[in-house]
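Chemist: Please read through the structure below; I'll follow up with questions.
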Amino acid sequence: MKTRILFSVSISIIFLFFIQNSSIAQLQITTGVDPNEMLENLLGPGILAFDNVTYQGADVARGIFSNGDSTNLGMEAGIFLCSGSGDIIPGPNNQSSAGVNNGLGGHPILGAYTYDAAVLEFDFIPMNDTLRCKYVFGSEEYNEWVFSAFNDVFGFFITGPKPDSSYYMNYNIALVPSTCNTPVVINNVNNGWAAPGVVPTGPCTHCEYFSDNTGGLTLEYDGKTTVLIAWVKVIPYENYHILLAIADAGDHIYDSGILLKESSFFSSGPPELLSFNFLMENNPGLSFDIIGVLTDSTVHLEVPEGTDISNLIANFEEEGAYVTINGITQVSGITQNDYTEPVIYHLQGSGAKDWTVFVEIVTDIPENVFKEVVISPNPSDGVFKIENIQEINVSIYSAFGKVVKIYYSPQKKNSLLINNLPERIYFIQLEKNGQTETRKVVVL
């Protein structure tokens with residue numbers, strides 16, 4: 001058996017710290033989940049039907065995850081495939097070479113020298129003209145094997161009719177944003193080579209989509225992508241086939257994984273912007289979160305006097321849309337923009353819609369009236385409670401924008417118990433004194 005040895009770095013004190021603090025947060029992993037159950041977890045609005053589900057690979061290399069919001073993954077729950085064992089994925093990052101050799105072959109679609117492939121395939125019918133899915137790719141090959149032959153790979157391959165009357169044949173839709181045909185693999189998304197246990201410093205290869213996890217407390221993989229979106233144009237009500245595959249490249253040793261957000265494989269209706277905020281965690285110059293007010297096709301934000309608005313990062317949530325500004329792909333929580341003048345966000349999906357973002361500098365900003373509102377549990381089984389809503393109007397919308405329930409909160413009422421909601425995604429809109437905020441809930 002081939003063994004890779006680079007060189008060792010003495011980091012035992014750091015590892016001890018990890019072990020002592022590993023209870024801080026952890027991804028919950030269930031391996032060996034039935035492939036049909038995995039598809040039910042993954043599929044969201046606008047998928048009319050799915051069929052012919054097959055899986056190739058080890059049982060420990062497939063499953064579902066939850067509790068992601070307590071980690072730096074960027075997704076609460078969903079499904080995973082990996083080139084070893086899903087039990088390795090939860091943190092902390094206390095080794096640089098974690099992996100399981102399942103003794104299996106690769107898959108020809110990923111290349112000749114691939115091993116331990118995990119492949120999920122299925123047929124489906126979309127109801128609308130754009131298909132999307134949110135995912136994170138992570139690997140133990142980062143960072144010491146960047147630009148090597150151990151370029152672990154995955155692909156999100158679609159087969160079916162194109163809108164231009166031609167045909168997709170195993171076309172990979174997991175591409176680096178703003179590129180036409182650059183697949184998301186280790187050698188294409190990274191911040192350069194670094195020794196085990198050392199944070200890489202470049203050169204950057206699409207590193208705006210890379211998140212180093214050296215010494216991370218909540219995930220094992222040494223590096224991962226940010227949350228990315230695979231998308232493609234399709235024809236409504238036609239039949240399509242998906243082949244989702246990941247494998248080791250070069251040998252069986254280090255693990256890589258692909259995690260896909262629950263209910264995010266969807267084909268939905270007209271594009272809508274659901275929320276737009278500037279958060280402290282992504283904008284060090286802010287002393288508190290700035291929540292955007294959405295009305296019609298505009299977003300209004302007020303920031304304190306002295307704030308530099310020429311280089312801010314927005315967090316936004318959209319429905320049924322691929323988001324660009326002047327043709328440049330926008331990634332929530334990642335892409336920086338200059339807001340000294342109004343910025344037009346173009347949402348392209350089943351149709352198109354523009355939203356104009358206005359940022360105003362003011363000397364006195366009203367307090368966020370929704371900061372104390374708590375919605376729990378989320379996800380839920382159809383029963384959840386909304387607390388601290390005194391004098392706040394509450395509207396519940398389906399993923400398609402249809403009003404499900406509206407509550408005009410009386411002055412003395414401080415909580416609502418919501419029940420009997422079918423399994424799907426909902427959006428809770430809070431409104432008070434002209435301010436609004438939208439939050440998502442998932443009923444499982």
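In the structure tokens, chains take letters A, B, ... by order of appearance, with residues numbered from 1 within each chain and ligands from 1 in the order shown.
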For region 386-395 of chain A, please output as a list in words all residues within 7 Å (counting only C-alpha atoms; exclusion window: fewer than 4 positions along the same chain).
Modeler: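 Once the adjacent positions are removed, what remains is Glu372, Val373, Val374, Ile375, Ser376, Lys405, Ile406, Tyr407, Tyr408, Ser409, Pro410, Gln411, Lys412, Lys413, Asn414, Ser415, Leu416, Leu417, Ile428, Gln429, Leu430, Glu431 and Lys432 of chain A.
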Chemist: Selected residues, N, CA and C atoms, written as a PDB file, in the first residue's frame, please.
Modeler:
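Saved the output as result-v9.pdb:
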ATOM      1  N   GLU A 372     -35.025  40.325  19.684  1.00  0.00           N
ATOM      2  CA  GLU A 372     -35.382  39.426  20.774  1.00  0.00           C
ATOM      3  C   GLU A 372     -36.346  38.327  20.339  1.00  0.00           C
ATOM      4  N   VAL A 373     -36.826  38.368  19.101  1.00  0.00           N
ATOM      5  CA  VAL A 373     -37.779  37.366  18.628  1.00  0.00           C
ATOM      6  C   VAL A 373     -37.070  36.019  18.472  1.00  0.00           C
ATOM      7  N   VAL A 374     -37.656  34.971  19.035  1.00  0.00           N
ATOM      8  CA  VAL A 374     -37.090  33.629  18.975  1.00  0.00           C
ATOM      9  C   VAL A 374     -38.110  32.688  18.348  1.00  0.00           C
ATOM     10  N   ILE A 375     -37.673  31.911  17.342  1.00  0.00           N
ATOM     11  CA  ILE A 375     -38.513  30.894  16.711  1.00  0.00           C
ATOM     12  C   ILE A 375     -37.883  29.540  16.994  1.00  0.00           C
ATOM     13  N   SER A 376     -38.602  28.659  17.701  1.00  0.00           N
ATOM     14  CA  SER A 376     -38.027  27.363  18.057  1.00  0.00           C
ATOM     15  C   SER A 376     -39.127  26.315  18.211  1.00  0.00           C
ATOM     16  N   LYS A 405     -50.632  31.900   6.816  1.00  0.00           N
ATOM     17  CA  LYS A 405     -51.326  32.427   7.986  1.00  0.00           C
ATOM     18  C   LYS A 405     -50.834  33.834   8.271  1.00  0.00           C
ATOM     19  N   ILE A 406     -51.715  34.664   8.846  1.00  0.00           N
ATOM     20  CA  ILE A 406     -51.346  36.011   9.275  1.00  0.00           C
ATOM     21  C   ILE A 406     -51.859  36.217  10.694  1.00  0.00           C
ATOM     22  N   TYR A 407     -51.003  36.758  11.546  1.00  0.00           N
ATOM     23  CA  TYR A 407     -51.376  37.044  12.928  1.00  0.00           C
ATOM     24  C   TYR A 407     -51.097  38.518  13.205  1.00  0.00           C
ATOM     25  N   TYR A 408     -52.142  39.271  13.531  1.00  0.00           N
ATOM     26  CA  TYR A 408     -51.984  40.672  13.929  1.00  0.00           C
ATOM     27  C   TYR A 408     -51.883  40.687  15.445  1.00  0.00           C
ATOM     28  N   SER A 409     -50.672  40.834  15.926  1.00  0.00           N
ATOM     29  CA  SER A 409     -50.418  40.618  17.347  1.00  0.00           C
ATOM     30  C   SER A 409     -51.003  41.736  18.193  1.00  0.00           C
ATOM     31  N   PRO A 410     -51.886  41.400  19.162  1.00  0.00           N
ATOM     32  CA  PRO A 410     -52.396  42.419  20.086  1.00  0.00           C
ATOM     33  C   PRO A 410     -51.295  42.846  21.049  1.00  0.00           C
ATOM     34  N   GLN A 411     -51.515  43.960  21.701  1.00  0.00           N
ATOM     35  CA  GLN A 411     -50.487  44.584  22.520  1.00  0.00           C
ATOM     36  C   GLN A 411     -49.967  43.661  23.615  1.00  0.00           C
ATOM     37  N   LYS A 412     -50.826  42.883  24.231  1.00  0.00           N
ATOM     38  CA  LYS A 412     -50.413  42.085  25.378  1.00  0.00           C
ATOM     39  C   LYS A 412     -49.939  40.676  25.006  1.00  0.00           C
ATOM     40  N   LYS A 413     -50.096  40.290  23.736  1.00  0.00           N
ATOM     41  CA  LYS A 413     -49.701  38.947  23.341  1.00  0.00           C
ATOM     42  C   LYS A 413     -48.209  38.898  23.076  1.00  0.00           C
ATOM     43  N   ASN A 414     -47.489  37.940  23.670  1.00  0.00           N
ATOM     44  CA  ASN A 414     -46.039  37.914  23.561  1.00  0.00           C
ATOM     45  C   ASN A 414     -45.507  36.638  22.919  1.00  0.00           C
ATOM     46  N   SER A 415     -46.402  35.682  22.564  1.00  0.00           N
ATOM     47  CA  SER A 415     -45.937  34.469  21.907  1.00  0.00           C
ATOM     48  C   SER A 415     -47.055  33.862  21.069  1.00  0.00           C
ATOM     49  N   LEU A 416     -46.645  33.052  20.092  1.00  0.00           N
ATOM     50  CA  LEU A 416     -47.582  32.334  19.242  1.00  0.00           C
ATOM     51  C   LEU A 416     -47.152  30.883  19.163  1.00  0.00           C
ATOM     52  N   LEU A 417     -48.115  29.973  19.218  1.00  0.00           N
ATOM     53  CA  LEU A 417     -47.842  28.567  18.999  1.00  0.00           C
ATOM     54  C   LEU A 417     -48.404  28.190  17.634  1.00  0.00           C
ATOM     55  N   ILE A 428     -41.191  33.244   7.650  1.00  0.00           N
ATOM     56  CA  ILE A 428     -41.900  34.017   8.665  1.00  0.00           C
ATOM     57  C   ILE A 428     -41.513  35.482   8.503  1.00  0.00           C
ATOM     58  N   GLN A 429     -42.476  36.329   8.179  1.00  0.00           N
ATOM     59  CA  GLN A 429     -42.210  37.761   8.053  1.00  0.00           C
ATOM     60  C   GLN A 429     -42.710  38.487   9.302  1.00  0.00           C
ATOM     61  N   LEU A 430     -41.800  39.232   9.925  1.00  0.00           N
ATOM     62  CA  LEU A 430     -42.120  40.034  11.101  1.00  0.00           C
ATOM     63  C   LEU A 430     -42.264  41.484  10.669  1.00  0.00           C
ATOM     64  N   GLU A 431     -43.263  42.196  11.208  1.00  0.00           N
ATOM     65  CA  GLU A 431     -43.483  43.598  10.811  1.00  0.00           C
ATOM     66  C   GLU A 431     -43.897  44.421  12.010  1.00  0.00           C
ATOM     67  N   LYS A 432     -43.233  45.575  12.172  1.00  0.00           N
ATOM     68  CA  LYS A 432     -43.597  46.511  13.229  1.00  0.00           C
ATOM     69  C   LYS A 432     -43.123  47.906  12.842  1.00  0.00           C
TER      70      LYS A 432
END
Chemist: Give me the region 351-428 of chain A side of the contact with region 294-306 of chain A, cut-off 8 Å, one line per residue showing its nearest atom pair and distance in Å at one decimal, counting only C-alpha atoms, sorted by chain and residue number, as a tab-separated table.
Modeler:
residue	atom	partner	partner_atom	distance
A:Asp354	CA	A:Ser297	CA	6.7
A:Trp355	CA	A:Ser297	CA	4.7
A:Thr356	CA	A:Thr298	CA	4.7
A:Val357	CA	A:Val299	CA	4.6
A:Phe358	CA	A:His300	CA	4.9
A:Val359	CA	A:Leu301	CA	4.9
A:Glu360	CA	A:Glu302	CA	4.8
A:Ile361	CA	A:Val303	CA	5.0
A:Val362	CA	A:Glu305	CA	5.4
A:Thr363	CA	A:Glu305	CA	5.2
A:Asp364	CA	A:Pro304	CA	7.0
A:Ile365	CA	A:Pro304	CA	6.7
Chemist: If you run DSSP over the backbone, which residues in region 107-196 of chain A end up strand (DSSP E)? Put them as number ranges by chain.
Modeler: A: 114-126, 130-139, 153-161, 167-172
Chemist: Using only C-alpha atoms, find the one residue out of A:Gly351, A:Gly103, A:Gly86, A:Gly160 that sits nearest to Gly257 (chain A).
Modeler: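 Between A:Gly351, A:Gly103, A:Gly86, A:Gly160, the residue approaching Gly257 (chain A) most closely is A:Gly86.
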Chemist: I'd like the neighbourhood of Leu244 (chain A) as an MDAnalysis selection string, where a residue qualifies if any of its atoms comes within 12 Å (using only C-alpha atoms), though same-chain residues fewer than 4 positions away should be ignored.
Modeler: chainID A and resid 39 53:57 62 79:82 107 109:110 117:123 133 135 153:159 170:174 230 257:260
Chemist: Would you mind exporting the chosen residues as a CSV table (one decimal), in the first residue's frame, restricted to C-alpha atoms?
Modeler:
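Just written: selection.csv:
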chain,number,residue,atom,x,y,z
A,39,LEU,CA,-33.4,12.2,-1.7
A,53,VAL,CA,-32.6,6.0,-7.2
A,54,THR,CA,-29.3,4.0,-7.1
A,55,TYR,CA,-26.2,4.2,-5.0
A,56,GLN,CA,-22.6,2.9,-5.5
A,57,GLY,CA,-20.1,2.9,-2.6
A,62,ARG,CA,-23.4,8.2,2.6
A,79,ILE,CA,-27.1,14.9,3.1
A,80,PHE,CA,-23.5,13.9,2.4
A,81,LEU,CA,-21.3,11.6,0.3
A,82,CYS,CA,-17.6,11.0,1.0
A,107,HIS,CA,-15.9,5.9,-11.2
A,109,ILE,CA,-16.8,9.9,-15.0
A,110,LEU,CA,-14.4,11.2,-12.4
A,117,ALA,CA,-16.2,6.4,-5.1
A,118,ALA,CA,-19.6,7.3,-3.6
A,119,VAL,CA,-22.1,7.8,-6.4
A,120,LEU,CA,-25.8,8.7,-6.0
A,121,GLU,CA,-28.0,8.7,-9.1
A,122,PHE,CA,-31.7,9.5,-9.7
A,123,ASP,CA,-34.2,10.7,-12.3
A,133,CYS,CA,-28.6,23.1,-5.2
A,135,TYR,CA,-23.4,22.5,-1.3
A,153,VAL,CA,-12.7,15.3,-7.1
A,154,PHE,CA,-16.5,15.3,-7.2
A,155,GLY,CA,-19.1,16.3,-9.8
A,156,PHE,CA,-22.8,17.1,-10.1
A,157,PHE,CA,-23.6,15.7,-13.5
A,158,ILE,CA,-26.9,16.2,-15.3
A,159,THR,CA,-28.3,14.5,-18.4
A,170,ASN,CA,-23.2,14.2,-18.0
A,171,TYR,CA,-22.7,18.0,-17.8
A,172,ASN,CA,-21.1,19.0,-14.5
A,173,ILE,CA,-22.9,21.9,-12.9
A,174,ALA,CA,-20.7,22.1,-9.8
A,230,ALA,CA,-24.8,24.4,-8.5
A,257,GLY,CA,-16.7,14.9,1.3
A,258,ILE,CA,-19.6,16.8,-0.4
A,259,LEU,CA,-22.4,18.1,1.9
A,260,LEU,CA,-25.6,19.3,0.3
